[in-house]
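Trainee: Handing you a structure now.
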Amino acid sequence: MLGTKADLADKLAFDPARQKRKVLYPEVCEIFKDYTVYIGGSSSFDFSGKSYNKYEAIMRYAAENGYKKDEILYVGDDFGAGGGDSHIRLGGIDYIEIDDYRNLKARLAAYLK
């Protein structure tokens with residue numbers, strides 16, 4: 001959003017909590033409806049082809065290896081709107097959100113009880 005030649009300090013300071021881009025996200029998705037749109041880094045949106053997202057990749061892997069959807073548990077950190085893991089949540093795959101890797105063991109233990 002600041003351009004590729006912007007100073008790194010300006011990019012990092014632009015929108016570290018993603019608040020500015022969360023407001024724009026629905027409109028960007030509408031404009032680029034033929035693409036999957038992610039809120040990337042601290043100052044950009046990332047785009048990929050519609051079929052290129054983590055949900056589609058995992059389901060393709062599962063089909064190729066004989067797994068059913070209810071046998072999958074996904075662990076990630078970015079499930080909100082525009083997040084890189086959001087398609088997992090939207091697709092209905094069971095997931096655990098980890099905001100700090102040091103909590104992974106406790107979160108998994110709580111889930112598996």
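We name chains A, B, ... following the order of the structure tokens; residues begin at 1 in each chain, and ligands are numbered from 1 as shown.
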Counting only C-alpha atoms, what is within 8 Å of A:Gly76, bar same-chain residues fewer than 2 positions away, as a PDB file with all heavy atoms, in the first residue's frame?

Mentor:
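Listed below is the output, result_5.pdb:
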```
ATOM      1  N   TYR A  74      -5.687 -28.888  12.102  1.00  0.00           N
ATOM      2  CA  TYR A  74      -4.756 -27.885  11.583  1.00  0.00           C
ATOM      3  C   TYR A  74      -4.349 -26.964  12.731  1.00  0.00           C
ATOM      4  O   TYR A  74      -5.180 -26.539  13.527  1.00  0.00           O
ATOM      5  CB  TYR A  74      -5.438 -27.074  10.475  1.00  0.00           C
ATOM      6  CG  TYR A  74      -4.542 -26.074   9.816  1.00  0.00           C
ATOM      7  CD1 TYR A  74      -3.800 -26.417   8.702  1.00  0.00           C
ATOM      8  CD2 TYR A  74      -4.428 -24.778  10.307  1.00  0.00           C
ATOM      9  CE1 TYR A  74      -2.970 -25.498   8.084  1.00  0.00           C
ATOM     10  CE2 TYR A  74      -3.602 -23.859   9.704  1.00  0.00           C
ATOM     11  CZ  TYR A  74      -2.870 -24.214   8.594  1.00  0.00           C
ATOM     12  OH  TYR A  74      -2.058 -23.297   7.998  1.00  0.00           O
ATOM     13  N   ASP A  78      -3.317 -17.550  12.084  1.00  0.00           N
ATOM     14  CA  ASP A  78      -3.848 -16.410  11.350  1.00  0.00           C
ATOM     15  C   ASP A  78      -5.210 -16.737  10.735  1.00  0.00           C
ATOM     16  O   ASP A  78      -5.374 -16.740   9.521  1.00  0.00           O
ATOM     17  CB  ASP A  78      -2.843 -16.016  10.270  1.00  0.00           C
ATOM     18  CG  ASP A  78      -3.026 -14.610   9.760  1.00  0.00           C
ATOM     19  OD1 ASP A  78      -3.833 -13.857  10.333  1.00  0.00           O
ATOM     20  OD2 ASP A  78      -2.347 -14.253   8.781  1.00  0.00           O
ATOM     21  N   PHE A  79      -6.214 -16.978  11.585  1.00  0.00           N
ATOM     22  CA  PHE A  79      -7.519 -17.452  11.133  1.00  0.00           C
ATOM     23  C   PHE A  79      -8.538 -16.346  10.893  1.00  0.00           C
ATOM     24  O   PHE A  79      -9.623 -16.611  10.395  1.00  0.00           O
ATOM     25  CB  PHE A  79      -8.096 -18.450  12.148  1.00  0.00           C
ATOM     26  CG  PHE A  79      -7.309 -19.722  12.224  1.00  0.00           C
ATOM     27  CD1 PHE A  79      -6.346 -19.899  13.197  1.00  0.00           C
ATOM     28  CD2 PHE A  79      -7.527 -20.734  11.311  1.00  0.00           C
ATOM     29  CE1 PHE A  79      -5.611 -21.069  13.264  1.00  0.00           C
ATOM     30  CE2 PHE A  79      -6.801 -21.910  11.364  1.00  0.00           C
ATOM     31  CZ  PHE A  79      -5.838 -22.076  12.342  1.00  0.00           C
ATOM     32  N   ASP A  85      -4.537 -18.389   7.252  1.00  0.00           N
ATOM     33  CA  ASP A  85      -5.194 -19.628   7.670  1.00  0.00           C
ATOM     34  C   ASP A  85      -6.717 -19.527   7.634  1.00  0.00           C
ATOM     35  O   ASP A  85      -7.411 -20.470   8.020  1.00  0.00           O
ATOM     36  CB  ASP A  85      -4.757 -20.004   9.098  1.00  0.00           C
ATOM     37  CG  ASP A  85      -3.260 -20.211   9.201  1.00  0.00           C
ATOM     38  OD1 ASP A  85      -2.671 -20.783   8.264  1.00  0.00           O
ATOM     39  OD2 ASP A  85      -2.665 -19.805  10.222  1.00  0.00           O
ATOM     40  N   TYR A  95      -9.448 -26.888  13.828  1.00  0.00           N
ATOM     41  CA  TYR A  95      -8.168 -26.188  13.971  1.00  0.00           C
ATOM     42  C   TYR A  95      -7.934 -25.726  15.400  1.00  0.00           C
ATOM     43  O   TYR A  95      -8.856 -25.601  16.195  1.00  0.00           O
ATOM     44  CB  TYR A  95      -8.089 -24.995  13.024  1.00  0.00           C
ATOM     45  CG  TYR A  95      -9.034 -23.863  13.350  1.00  0.00           C
ATOM     46  CD1 TYR A  95      -8.651 -22.833  14.188  1.00  0.00           C
ATOM     47  CD2 TYR A  95     -10.315 -23.827  12.810  1.00  0.00           C
ATOM     48  CE1 TYR A  95      -9.518 -21.787  14.482  1.00  0.00           C
ATOM     49  CE2 TYR A  95     -11.185 -22.791  13.096  1.00  0.00           C
ATOM     50  CZ  TYR A  95     -10.776 -21.773  13.939  1.00  0.00           C
ATOM     51  OH  TYR A  95     -11.628 -20.748  14.230  1.00  0.00           O
ATOM     52  N   ILE A  96      -6.670 -25.477  15.674  1.00  0.00           N
ATOM     53  CA  ILE A  96      -6.247 -24.878  16.934  1.00  0.00           C
ATOM     54  C   ILE A  96      -5.465 -23.625  16.578  1.00  0.00           C
ATOM     55  O   ILE A  96      -4.545 -23.679  15.758  1.00  0.00           O
ATOM     56  CB  ILE A  96      -5.343 -25.821  17.751  1.00  0.00           C
ATOM     57  CG1 ILE A  96      -6.096 -27.080  18.147  1.00  0.00           C
ATOM     58  CG2 ILE A  96      -4.795 -25.106  18.983  1.00  0.00           C
ATOM     59  CD1 ILE A  96      -5.230 -28.109  18.842  1.00  0.00           C
ATOM     60  N   GLU A  97      -5.852 -22.521  17.174  1.00  0.00           N
ATOM     61  CA  GLU A  97      -5.134 -21.263  16.935  1.00  0.00           C
ATOM     62  C   GLU A  97      -4.064 -21.079  18.011  1.00  0.00           C
ATOM     63  O   GLU A  97      -4.345 -21.168  19.199  1.00  0.00           O
ATOM     64  CB  GLU A  97      -6.103 -20.086  16.943  1.00  0.00           C
ATOM     65  CG  GLU A  97      -5.442 -18.789  16.555  1.00  0.00           C
ATOM     66  CD  GLU A  97      -6.442 -17.692  16.248  1.00  0.00           C
ATOM     67  OE1 GLU A  97      -7.648 -17.886  16.525  1.00  0.00           O
ATOM     68  OE2 GLU A  97      -6.026 -16.656  15.731  1.00  0.00           O
ATOM     69  N   ILE A  98      -2.851 -20.842  17.565  1.00  0.00           N
ATOM     70  CA  ILE A  98      -1.716 -20.643  18.466  1.00  0.00           C
ATOM     71  C   ILE A  98      -1.173 -19.236  18.229  1.00  0.00           C
ATOM     72  O   ILE A  98      -0.737 -18.914  17.128  1.00  0.00           O
ATOM     73  CB  ILE A  98      -0.594 -21.675  18.191  1.00  0.00           C
ATOM     74  CG1 ILE A  98      -1.098 -23.092  18.312  1.00  0.00           C
ATOM     75  CG2 ILE A  98       0.597 -21.412  19.099  1.00  0.00           C
ATOM     76  CD1 ILE A  98      -1.528 -23.498  19.697  1.00  0.00           C
TER      77      ILE A  98
END
```

Trainee: Find, counting only C-alpha atoms, the residue in A:Ala81, A:Ser43, A:Gly49, A:Arg107 that gets nearest to A:Thr4.

Mentor: A:Ser43

Trainee: Skip A:Asp10 itself and residues of its chain fewer than 6 positions away, then list as a ChimeraX atom specification all residues within 12 Å of it, counting only C-alpha atoms.

Mentor: /A:1-4,16,42-43

Trainee: Name the residues of chain A that come out as alpha helix (DSSP H) in a backbone DSSP run; write them as a ChimeraX atom specification.

Mentor: /A:8-14,19-31,54-65,86-91,104-112

Trainee: Between A:Arg18, A:Asp77, A:Gly84, A:Val23, which has the minimum distance to A:Phe47 (counting only C-alpha atoms)?

Mentor: A:Gly84

Trainee: Report, in Å with one decimal, the straight-line distance from atom CA of A:Ile88 to atom CA of A:Lys54.

Mentor: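 Calculated distance between atom CA of A:Ile88 and atom CA of A:Lys54 is 6.6 Å.
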
Trainee: Which of these, A:Leu12, A:Leu90, A:Met59, A:Leu108, has the shortest distance to A:Gly41 once you count only C-alpha atoms?

Mentor: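 Looking only at the distances to A:Gly41, the closest residue turns out to be A:Leu12.
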
Trainee: List as a list in words the protein and nucleic acid residues near A:Lys68, meaning an atom at most 12 Å away when only C-alpha atoms are counted, but skip any in the same chain fewer than 4 places from it.

Mentor: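 Neighbouring residues, sequence-local ones excluded: Ile58, Met59, Arg60, Tyr61, Ala62, Ala63, Glu64, Ile72, Leu73, Ile93 and Asp94 of chain A.
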
Trainee: Of the residues A:Tyr101, A:Asp7, A:Arg21, A:Gly92, which is the one nearest to A:Glu71, using only C-alpha atoms?

Mentor: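 Going through A:Tyr101, A:Asp7, A:Arg21, A:Gly92 one by one, the smallest distance to A:Glu71 is for A:Gly92.
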
Trainee: Select from chain A everything DSSP, run on the backbone, classes as strand (DSSP E), then give the selection as a PyMOL selection string.

Mentor: chain A and resi 35-40+44-49+73-76+94-97

Trainee: What does the structure give for the distance between atom CA of A:Leu112 and atom CA of A:Lys69, in Å to one decimal?

Mentor: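 Here the two named atoms are 17.1 Å from each other.
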
Trainee: Which distance in Å separates atom CA of A:Tyr35 and atom CA of A:Lys20, to one decimal?

Mentor: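 Computing it gives 20.5 Å between the two atoms.
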
Trainee: Given the choices A:Ile39, A:Tyr67, A:Val75, A:Tyr55, which gets closest to A:Ala17 if the distance is worked out from only C-alpha atoms?

Mentor: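 Looking only at the distances to A:Ala17, the closest residue turns out to be A:Ile39.
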
Trainee: Name the closest residue to A:Glu56 among the candidates A:Gly91, A:Asp99, A:Leu24, A:Lys5; distances are taken between atoms, counting only C-alpha atoms.

Mentor: A:Gly91
